[in-house]
Amino acid sequence: MAGIKKDDTVKVISGSEKHKTTNKGRVLEIFKDKNTALVERVNFVKRHMRAGSQASRQGGIIEKESPLSLSNLMLICPKCSKTARTGIRKLEDGTKVRFCKKCSEQID
């Protein structure tokens, strides 16, 4: 079970994006094979794109998000609004859920 999932709010804790003002964002996608995540409004890169066929895609320099390593991200607990490590608890019915190690509240 993963510590960070899609649609979680995370904070960048290390790397070049750490000291920027908008270092919080929502996880758009997780790439498990590369152990990275795509975070909304964080880690922008510039791509030089060629125009598409029949003017369907505009060419030029496009800014888009680039994936960050999961080790550089930390989950923000929705209950206590602090960055926290997560743990895994097994409920009585056998399902596994994540919980915040600071406030001990269930995350999902």
# chains A, B, ... in the order shown; residues from 1 in each chain; ligands from 1

$ select_by_dssp --residues "chain A" --states "helix (DSSP H, G or I)" --output "ChimeraX atom specification"
/A:53-55,70-72

$ select_by_dssp --residues "chain A" --states "strand (DSSP E or B)" --output "PyMOL selection string"
chain A and resi 9-12+24-31+36-39+44-49+60-65+68-69+73-76+83+86-90+96-100+106

$ write_last_selection --atoms "N, CA and C atoms" --output "CSV table (one decimal), in the first residue's frame"
chain,number,residue,atom,x,y,z
A,9,THR,N,-2.9,15.9,-1.2
A,9,THR,CA,-2.2,17.1,-1.1
A,9,THR,C,-0.9,16.9,-0.5
A,10,VAL,N,0.2,17.3,-1.2
A,10,VAL,CA,1.6,17.0,-0.8
A,10,VAL,C,2.4,18.3,-0.7
A,11,LYS,N,3.5,18.2,0.0
A,11,LYS,CA,4.4,19.4,0.1
A,11,LYS,C,5.8,18.9,-0.4
A,12,VAL,N,6.5,19.7,-1.1
A,12,VAL,CA,7.9,19.4,-1.5
A,12,VAL,C,8.8,19.6,-0.4
A,24,LYS,N,3.2,23.5,-2.5
A,24,LYS,CA,2.2,22.5,-2.2
A,24,LYS,C,1.3,22.3,-3.4
A,25,GLY,N,0.8,21.1,-3.5
A,25,GLY,CA,0.0,20.8,-4.7
A,25,GLY,C,-0.7,19.5,-4.6
A,26,ARG,N,-1.6,19.2,-5.5
A,26,ARG,CA,-2.4,18.0,-5.5
A,26,ARG,C,-1.7,17.0,-6.5
A,27,VAL,N,-1.6,15.8,-6.1
A,27,VAL,CA,-1.0,14.8,-7.0
A,27,VAL,C,-1.9,14.4,-8.1
A,28,LEU,N,-1.4,14.6,-9.4
A,28,LEU,CA,-2.2,14.4,-10.5
A,28,LEU,C,-2.1,12.9,-11.0
A,29,GLU,N,-0.9,12.4,-10.9
A,29,GLU,CA,-0.6,11.0,-11.4
A,29,GLU,C,0.6,10.4,-10.6
A,30,ILE,N,0.6,9.1,-10.4
A,30,ILE,CA,1.7,8.4,-9.8
A,30,ILE,C,2.3,7.5,-10.8
A,31,PHE,N,3.6,7.5,-11.0
A,31,PHE,CA,4.3,6.5,-11.9
A,31,PHE,C,5.0,5.5,-11.0
A,36,THR,N,7.9,8.0,-9.1
A,36,THR,CA,7.7,9.5,-9.2
A,36,THR,C,6.3,9.8,-9.2
A,37,ALA,N,6.0,11.1,-9.0
A,37,ALA,CA,4.6,11.6,-9.0
A,37,ALA,C,4.6,13.0,-9.8
A,38,LEU,N,3.5,13.2,-10.4
A,38,LEU,CA,3.2,14.5,-11.1
A,38,LEU,C,2.3,15.3,-10.2
A,39,VAL,N,2.9,16.5,-9.8
A,39,VAL,CA,2.2,17.3,-8.8
A,39,VAL,C,1.7,18.6,-9.5
A,44,PHE,N,7.8,23.0,-12.9
A,44,PHE,CA,7.5,23.3,-14.3
A,44,PHE,C,8.8,23.2,-15.1
A,45,VAL,N,8.7,22.7,-16.4
A,45,VAL,CA,9.7,22.6,-17.3
A,45,VAL,C,9.2,23.2,-18.6
A,46,LYS,N,10.1,23.6,-19.5
A,46,LYS,CA,9.8,24.2,-20.8
A,46,LYS,C,10.1,23.2,-21.9
A,47,ARG,N,9.1,22.9,-22.7
A,47,ARG,CA,9.2,22.0,-23.9
A,47,ARG,C,9.0,22.7,-25.1
A,48,HIS,N,9.9,22.5,-26.1
A,48,HIS,CA,9.8,23.1,-27.4
A,48,HIS,C,9.0,22.1,-28.3
A,49,MET,N,7.8,22.5,-28.7
A,49,MET,CA,6.9,21.6,-29.4
A,49,MET,C,6.8,22.1,-30.8
A,60,GLY,N,5.5,25.9,-30.4
A,60,GLY,CA,6.1,26.9,-29.6
A,60,GLY,C,6.7,26.3,-28.3
A,61,ILE,N,7.0,27.2,-27.4
A,61,ILE,CA,7.5,26.8,-26.1
A,61,ILE,C,6.3,26.6,-25.1
A,62,ILE,N,6.2,25.4,-24.6
A,62,ILE,CA,5.1,25.1,-23.7
A,62,ILE,C,5.6,24.8,-22.3
A,63,GLU,N,5.0,25.3,-21.2
A,63,GLU,CA,5.4,25.0,-19.9
A,63,GLU,C,4.5,23.9,-19.4
A,64,LYS,N,5.0,22.9,-18.8
A,64,LYS,CA,4.2,21.8,-18.2
A,64,LYS,C,4.9,21.2,-17.0
A,65,GLU,N,4.2,20.5,-16.1
A,65,GLU,CA,4.7,19.9,-14.9
A,65,GLU,C,5.6,18.7,-15.3
A,68,LEU,N,8.2,14.5,-10.0
A,68,LEU,CA,9.1,14.6,-8.9
A,68,LEU,C,9.2,13.2,-8.2
A,69,SER,N,10.4,12.9,-7.6
A,69,SER,CA,10.6,11.7,-6.9
A,69,SER,C,9.6,11.7,-5.7
A,73,LEU,N,8.6,14.2,-1.6
A,73,LEU,CA,7.2,14.7,-1.3
A,73,LEU,C,6.8,14.2,0.1
A,74,MET,N,6.0,15.0,0.8
A,74,MET,CA,5.4,14.5,2.1
A,74,MET,C,3.9,14.9,2.1
A,75,LEU,N,3.1,13.9,2.6
A,75,LEU,CA,1.7,14.1,2.6
A,75,LEU,C,1.3,15.1,3.6
A,76,ILE,N,0.3,15.9,3.3
A,76,ILE,CA,-0.3,16.9,4.2
A,76,ILE,C,-1.6,16.2,4.7
A,83,THR,N,2.2,18.4,7.7
A,83,THR,CA,2.9,17.3,7.0
A,83,THR,C,3.2,16.2,8.0
A,86,THR,N,2.9,8.5,7.2
A,86,THR,CA,1.7,7.7,7.2
A,86,THR,C,2.0,6.3,7.7
A,87,GLY,N,1.0,5.7,8.2
A,87,GLY,CA,1.1,4.3,8.6
A,87,GLY,C,0.0,3.5,8.0
A,88,ILE,N,0.0,2.2,8.1
A,88,ILE,CA,-1.1,1.4,7.6
A,88,ILE,C,-1.7,0.6,8.7
A,89,ARG,N,-3.0,0.7,8.8
A,89,ARG,CA,-3.8,0.0,9.8
A,89,ARG,C,-4.7,-1.0,9.1
A,90,LYS,N,-4.9,-2.2,9.7
A,90,LYS,CA,-5.8,-3.2,9.2
A,90,LYS,C,-7.1,-3.1,10.0
A,96,LYS,N,-7.2,-2.5,4.4
A,96,LYS,CA,-6.1,-1.7,4.9
A,96,LYS,C,-6.4,-0.2,4.6
A,97,VAL,N,-6.1,0.6,5.6
A,97,VAL,CA,-6.3,2.1,5.5
A,97,VAL,C,-5.0,2.8,5.9
A,98,ARG,N,-4.8,4.0,5.4
A,98,ARG,CA,-3.7,4.8,5.8
A,98,ARG,C,-4.1,5.7,7.0
A,99,PHE,N,-3.2,6.0,7.9
A,99,PHE,CA,-3.5,6.9,9.0
A,99,PHE,C,-2.3,7.8,9.2
A,100,CYS,N,-2.6,9.0,9.8
A,100,CYS,CA,-1.6,10.0,10.1
A,100,CYS,C,-0.9,9.6,11.4
A,106,GLN,N,-7.6,8.5,10.6
A,106,GLN,CA,-7.7,7.7,9.3
A,106,GLN,C,-7.7,8.7,8.1

$ atom_distance --atom1 "CA of Lys79 (chain A)" --atom2 "CA of Ser104 (chain A)"
9.7 Å

$ closest_residue --among "A:Glu92, A:Ala84, A:Lys5, A:Pro78" --to "Ile107 (chain A)" --atoms "only C-alpha atoms"
A:Pro78

$ closest_residue --among "A:Ser71, A:Asn23, A:Thr95, A:Gln58" --to "Gly3 (chain A)" --atoms "only C-alpha atoms"
A:Ser71
